[in-house]
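Enquirer: File my_file33.txt follows (compact mmCIF, C-alpha atoms):
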```txt
# COMPACT_ATOMS: atom_id res chain seq x y z
CA MET A 1 81.75 90.08 91.39
CA ALA A 2 78.93 92.53 92.01
CA LEU A 3 75.39 91.27 91.71
CA PRO A 4 73.77 91.20 89.31
CA ALA A 5 76.65 90.63 86.92
CA SER A 6 76.12 91.51 83.29
CA ALA A 7 76.24 88.82 80.64
CA GLU A 8 79.21 90.60 79.03
CA THR A 9 81.18 90.47 82.30
CA VAL A 10 80.50 86.75 82.69
CA ALA A 11 81.38 86.10 79.05
CA CYS A 12 84.72 87.89 79.50
CA TYR A 13 85.32 85.88 82.68
CA VAL A 14 84.67 82.62 80.82
CA ALA A 15 87.01 83.63 77.98
CA ASP A 16 89.74 84.53 80.47
CA LEU A 17 89.18 81.35 82.49
CA ALA A 18 89.56 79.25 79.34
CA LYS A 19 93.27 80.10 79.34
CA VAL A 20 93.86 78.14 82.55
CA ALA A 21 90.84 75.89 83.19
CA LYS A 22 89.19 72.88 81.61
CA PRO A 23 85.61 72.97 80.31
CA ALA A 24 84.29 71.02 83.32
CA THR A 25 85.78 73.63 85.67
CA ILE A 26 84.25 76.43 83.64
CA ASP A 27 80.85 74.72 83.77
CA PHE A 28 81.22 74.33 87.53
CA ARG A 29 81.99 78.02 87.95
CA LEU A 30 79.09 79.03 85.71
CA ALA A 31 76.77 76.88 87.80
CA ALA A 32 78.02 78.65 90.94
CA ILE A 33 77.44 82.07 89.35
CA SER A 34 73.94 81.02 88.31
CA ALA A 35 73.10 79.66 91.78
CA THR A 36 74.41 82.82 93.46
CA HIS A 37 72.27 85.02 91.24
CA ARG A 38 69.17 82.91 91.82
CA ALA A 39 69.75 82.91 95.60
CA ALA A 40 69.98 86.70 95.54
CA GLY A 41 66.76 86.96 93.52
CA HIS A 42 68.36 87.96 90.21
CA ASP A 43 68.13 86.44 86.76
CA SER A 44 71.18 84.37 85.88
CA PRO A 45 73.46 85.96 83.27
CA THR A 46 74.76 82.49 82.36
CA LYS A 47 71.65 81.86 80.25
CA GLU A 48 72.29 84.88 78.04
CA GLU A 49 73.34 84.36 74.43
CA ALA A 50 76.72 86.09 74.87
CA VAL A 51 77.77 83.69 77.64
CA ARG A 52 76.43 80.64 75.79
CA LEU A 53 78.36 81.60 72.63
CA VAL A 54 81.64 82.03 74.51
CA ARG A 55 81.07 78.77 76.38
CA ARG A 56 80.39 76.93 73.12
CA GLY A 57 83.53 78.43 71.57
CA VAL A 58 85.62 77.35 74.56
CA ARG A 59 84.27 73.81 74.28
CA ARG A 60 85.13 73.72 70.57
CA MET A 61 88.60 75.09 71.23
CA LEU A 62 89.50 72.94 74.25
CA GLY A 63 87.34 69.88 73.67
CA THR A 64 85.17 68.21 76.27
CA ALA A 65 86.58 64.71 76.68
CA GLN A 66 87.28 63.80 80.28
CA ARG A 67 90.59 62.12 81.04
CA GLN A 68 89.77 58.46 81.58
CA MET A 69 91.71 56.69 84.29
CA ARG A 70 92.78 53.08 83.88
CA PRO A 71 90.84 50.84 86.29
CA VAL A 72 92.59 48.94 89.05
CA THR A 73 92.73 45.24 88.27
CA VAL A 74 93.15 42.29 90.66
CA PRO A 75 96.90 42.03 89.90
CA ASP A 76 97.22 45.78 90.61
CA LEU A 77 95.36 45.31 93.88
CA ARG A 78 97.62 42.43 94.93
CA THR A 79 100.68 44.56 94.19
CA MET A 80 99.29 47.38 96.34
CA LEU A 81 98.55 44.98 99.19
CA GLN A 82 102.07 43.53 99.15
CA GLY A 83 103.56 46.87 100.13
CA LEU A 84 101.45 47.25 103.28
CA ASP A 85 102.73 46.56 106.79
CA THR A 86 100.87 44.58 109.45
CA ASP A 87 100.71 47.52 111.86
CA PRO A 88 97.34 49.24 112.52
CA ALA A 89 97.86 51.79 109.70
CA GLY A 90 98.68 49.01 107.23
CA CYS A 91 95.67 47.02 108.38
CA ARG A 92 93.44 50.07 107.91
CA ASP A 93 94.85 50.72 104.45
CA ARG A 94 94.40 47.07 103.48
CA ALA A 95 90.76 47.16 104.64
CA LEU A 96 90.07 50.38 102.71
CA LEU A 97 91.68 49.08 99.52
CA LEU A 98 89.84 45.76 99.64
CA LEU A 99 86.52 47.30 100.62
CA GLY A 100 86.79 49.99 97.95
CA PHE A 101 87.70 47.47 95.27
CA ALA A 102 85.07 44.88 96.22
CA GLY A 103 82.30 47.48 96.54
CA ALA A 104 83.41 49.73 93.65
CA LEU A 105 83.30 52.64 96.09
CA ARG A 106 84.45 56.18 95.40
CA ARG A 107 87.24 57.74 97.43
CA SER A 108 84.79 60.15 99.03
CA GLU A 109 82.58 57.23 100.09
CA LEU A 110 85.53 55.39 101.64
CA VAL A 111 86.81 58.31 103.68
CA GLY A 112 83.31 58.92 105.04
CA LEU A 113 83.07 55.43 106.54
CA ASP A 114 83.30 54.48 110.19
CA VAL A 115 84.02 50.94 111.35
CA ALA A 116 80.43 50.82 112.66
CA ASP A 117 79.16 51.37 109.09
CA VAL A 118 80.38 47.90 108.07
CA THR A 119 78.68 44.78 109.38
CA GLU A 120 79.57 41.19 108.58
CA GLY A 121 76.87 38.68 107.76
CA THR A 122 76.85 35.06 106.68
CA ASP A 123 77.11 35.88 102.95
CA GLY A 124 79.35 38.93 103.07
CA LEU A 125 79.56 42.51 104.27
CA THR A 126 76.91 45.20 104.45
CA VAL A 127 78.23 48.75 104.12
CA ARG A 128 76.15 51.77 105.07
CA LEU A 129 77.12 54.77 102.92
CA ARG A 130 75.88 57.95 104.55
CA ARG A 131 76.45 60.17 101.55
CA SER A 132 77.80 59.84 98.03
CA LYS A 133 78.18 61.77 94.82
CA THR A 134 74.89 60.38 93.56
CA ASP A 135 73.09 61.01 96.89
CA GLN A 136 73.38 64.75 97.47
CA GLU A 137 70.38 64.79 99.80
CA GLY A 138 72.27 62.56 102.26
CA ALA A 139 69.61 59.85 102.48
CA GLY A 140 72.33 57.20 102.42
CA ARG A 141 72.27 53.73 100.96
CA THR A 142 73.34 50.23 101.86
CA VAL A 143 75.75 48.26 99.69
CA GLY A 144 76.16 44.49 99.89
CA ILE A 145 79.60 43.02 99.29
CA PRO A 146 79.51 39.24 98.90
CA PHE A 147 82.43 37.13 100.06
CA GLY A 148 84.82 36.21 97.26
CA SER A 149 86.65 32.97 96.68
CA ASN A 150 90.18 34.18 97.51
CA PRO A 151 90.86 34.84 101.22
CA ALA A 152 93.76 37.18 100.33
CA THR A 153 91.36 39.67 98.77
CA LEU A 154 88.52 39.54 101.31
CA PRO A 155 88.02 42.81 103.22
CA GLY A 156 86.21 41.16 106.17
CA PRO A 157 89.24 39.77 108.07
CA CYS A 158 91.01 43.13 107.79
CA LEU A 159 88.11 44.87 109.50
CA ALA A 160 88.49 42.66 112.57
CA CYS A 161 91.81 44.29 113.47
CA LEU A 162 90.44 47.84 113.34
```
Give the structure from the file, written as structure tokens.
Expert:
Amino acid sequence: MALPASAETVACYVADLAKVAKPATIDFRLAAISATHRAAGHDSPTKEEAVRLVRRGVRRMLGTAQRQMRPVTVPDLRTMLQGLDTDPAGCRDRALLLLGFAGALRRSELVGLDVADVTEGTDGLTVRLRRSKTDQEGAGRTVGIPFGSNPATLPGPCLACL
């Protein structure tokens, strides 16, 4: 797309995108177009009435409800853990599942962890998250995970074998 794009061009793009994309994806793309224009020193065409009208129409036509996933419960977690081997990969997977469940961590937070980011204390684990969805500046945060009452669902012992 040539810069600056006209509002009509962006509106047509949004209408065409609505055939294959969800409203959240369209919003994401509009935000990228707006940021690109601002970075190049142009006014954003996404704020123009033509684009806003098409975007509103797309939202009315497609709806805006996000698909809600069913949460993992303790019985689900136990079922997942039963299928894991005792080899290093199974131990790693067990630690990630238990740590993610106990700390209510996002997938992106889990995959960004190193073993050194988790320390064990007398009351539980301390996990250093370097970056997360809610921390775009990368300041990081520390999450405490207290020990539970059931040894089968404690992430601490699994970390020892990593």
Enquirer: With all atoms listed in the file counted, which protein, DNA or RNA residues have an atom no more than 9 Å from (81.2, 44.3, 104.8) in the file frame? Please answer as a list in words.
Expert: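 Protein and nucleic acid residues near the point are Leu99, Gly103, Asp117, Val118, Thr119, Glu120, Gly121, Gly124, Leu125, Thr126, Val127, Val143, Gly144, Ile145, Pro146, Phe147, Pro155, Gly156 and Leu159 of chain A.
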Enquirer: With C-alpha atoms retained, write the just-selected residues as a PDB file, keeping the file's coordinate frame.
Expert:
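Result saved to result10.pdb:
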```pdb
ATOM      1  CA  LEU A  99      86.520  47.300 100.620  1.00  0.00           C
ATOM      2  CA  GLY A 103      82.300  47.480  96.540  1.00  0.00           C
ATOM      3  CA  ASP A 117      79.160  51.370 109.090  1.00  0.00           C
ATOM      4  CA  VAL A 118      80.380  47.900 108.070  1.00  0.00           C
ATOM      5  CA  THR A 119      78.680  44.780 109.380  1.00  0.00           C
ATOM      6  CA  GLU A 120      79.570  41.190 108.580  1.00  0.00           C
ATOM      7  CA  GLY A 121      76.870  38.680 107.760  1.00  0.00           C
ATOM      8  CA  GLY A 124      79.350  38.930 103.070  1.00  0.00           C
ATOM      9  CA  LEU A 125      79.560  42.510 104.270  1.00  0.00           C
ATOM     10  CA  THR A 126      76.910  45.200 104.450  1.00  0.00           C
ATOM     11  CA  VAL A 127      78.230  48.750 104.120  1.00  0.00           C
ATOM     12  CA  VAL A 143      75.750  48.260  99.690  1.00  0.00           C
ATOM     13  CA  GLY A 144      76.160  44.490  99.890  1.00  0.00           C
ATOM     14  CA  ILE A 145      79.600  43.020  99.290  1.00  0.00           C
ATOM     15  CA  PRO A 146      79.510  39.240  98.900  1.00  0.00           C
ATOM     16  CA  PHE A 147      82.430  37.130 100.060  1.00  0.00           C
ATOM     17  CA  PRO A 155      88.020  42.810 103.220  1.00  0.00           C
ATOM     18  CA  GLY A 156      86.210  41.160 106.170  1.00  0.00           C
ATOM     19  CA  LEU A 159      88.110  44.870 109.500  1.00  0.00           C
TER      20      LEU A 159
END
```
Enquirer: Excluding same-chain residues fewer than 5 positions from Tyr13 in chain A, what lies within 10 Å of it counting all atoms listed in the file, as a ChimeraX atom specification?
Expert: /A:7-8,18,26,30,51,54
Enquirer: Which is closer to Gly41 in chain A than all the others in A:Leu110, A:Pro4, A:Leu105, A:Gly90, using all atoms listed in the file?
Expert: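 Ranking A:Leu110, A:Pro4, A:Leu105, A:Gly90 by distance to Gly41 in chain A, first place goes to A:Pro4.
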Enquirer: Which residue out of A:Leu84, A:Ile33, A:Ala40, A:Val111 has the minimum interatomic distance to Ser6 in chain A when all atoms listed in the file are used?
Expert: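 Closest residue, counting all atoms listed in the file: A:Ile33.
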Enquirer: Any idea what's packed within 9 Å of Ser44 in chain A, counting all atoms listed in the file, ignoring anything in its chain fewer than 4 positions away? Could you give it as a PyMOL selection string?
Expert: chain A and resi 4-5+7+33-38+48
Enquirer: Could you turn the residues from that selection into a file that holds C-alpha atoms, as a PDB file, keeping the file's coordinate frame?
Expert:
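File written: part.pdb
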```pdb
ATOM      1  CA  PRO A   4      73.770  91.200  89.310  1.00  0.00           C
ATOM      2  CA  ALA A   5      76.650  90.630  86.920  1.00  0.00           C
ATOM      3  CA  ALA A   7      76.240  88.820  80.640  1.00  0.00           C
ATOM      4  CA  ILE A  33      77.440  82.070  89.350  1.00  0.00           C
ATOM      5  CA  SER A  34      73.940  81.020  88.310  1.00  0.00           C
ATOM      6  CA  ALA A  35      73.100  79.660  91.780  1.00  0.00           C
ATOM      7  CA  THR A  36      74.410  82.820  93.460  1.00  0.00           C
ATOM      8  CA  HIS A  37      72.270  85.020  91.240  1.00  0.00           C
ATOM      9  CA  ARG A  38      69.170  82.910  91.820  1.00  0.00           C
ATOM     10  CA  GLU A  48      72.290  84.880  78.040  1.00  0.00           C
TER      11      GLU A  48
END
```
Enquirer: Go through range 14-46 of chain A and flag each residue having an atom no more than 9 Å from range 58-76 of chain A; for those, report the closest pair of atoms plus their distance in Å to one decimal, using all atoms listed in the file, ordered by chain and rising number, as a Markdown table.
Expert:
```
| residue | atom | partner | partner_atom | distance |
| --- | --- | --- | --- | --- |
| A:Val14 | CA | A:Val58 | CA | 8.2 |
| A:Ala15 | CA | A:Val58 | CA | 7.3 |
| A:Ala18 | CA | A:Val58 | CA | 6.5 |
| A:Lys22 | CA | A:Leu62 | CA | 7.4 |
| A:Pro23 | CA | A:Arg59 | CA | 6.2 |
| A:Ala24 | CA | A:Thr64 | CA | 7.6 |
```
Enquirer: Please, what distance in Å, to one decimal, runs between CA of Arg131 in chain A and CA of Gly148 in chain A?
Expert: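 Result for CA of Arg131 in chain A versus CA of Gly148 in chain A: 25.7 Å, one decimal.
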Enquirer: Would you please work out which residue, of A:Ala102, A:Asp43, A:Asp114, A:Glu49, is nearest to Asn150 in chain A when using only C-alpha atoms?
Expert: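 The answer is A:Ala102, which sits nearest to Asn150 in chain A.
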Enquirer: Give the answer as one residue: which of A:Ala32, A:Ala11, A:Ala39, A:Leu81 has the shortest atom-to-atom distance to Gly57 in chain A, using all atoms listed in the file?
Expert: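 The answer is A:Ala11, which sits nearest to Gly57 in chain A.
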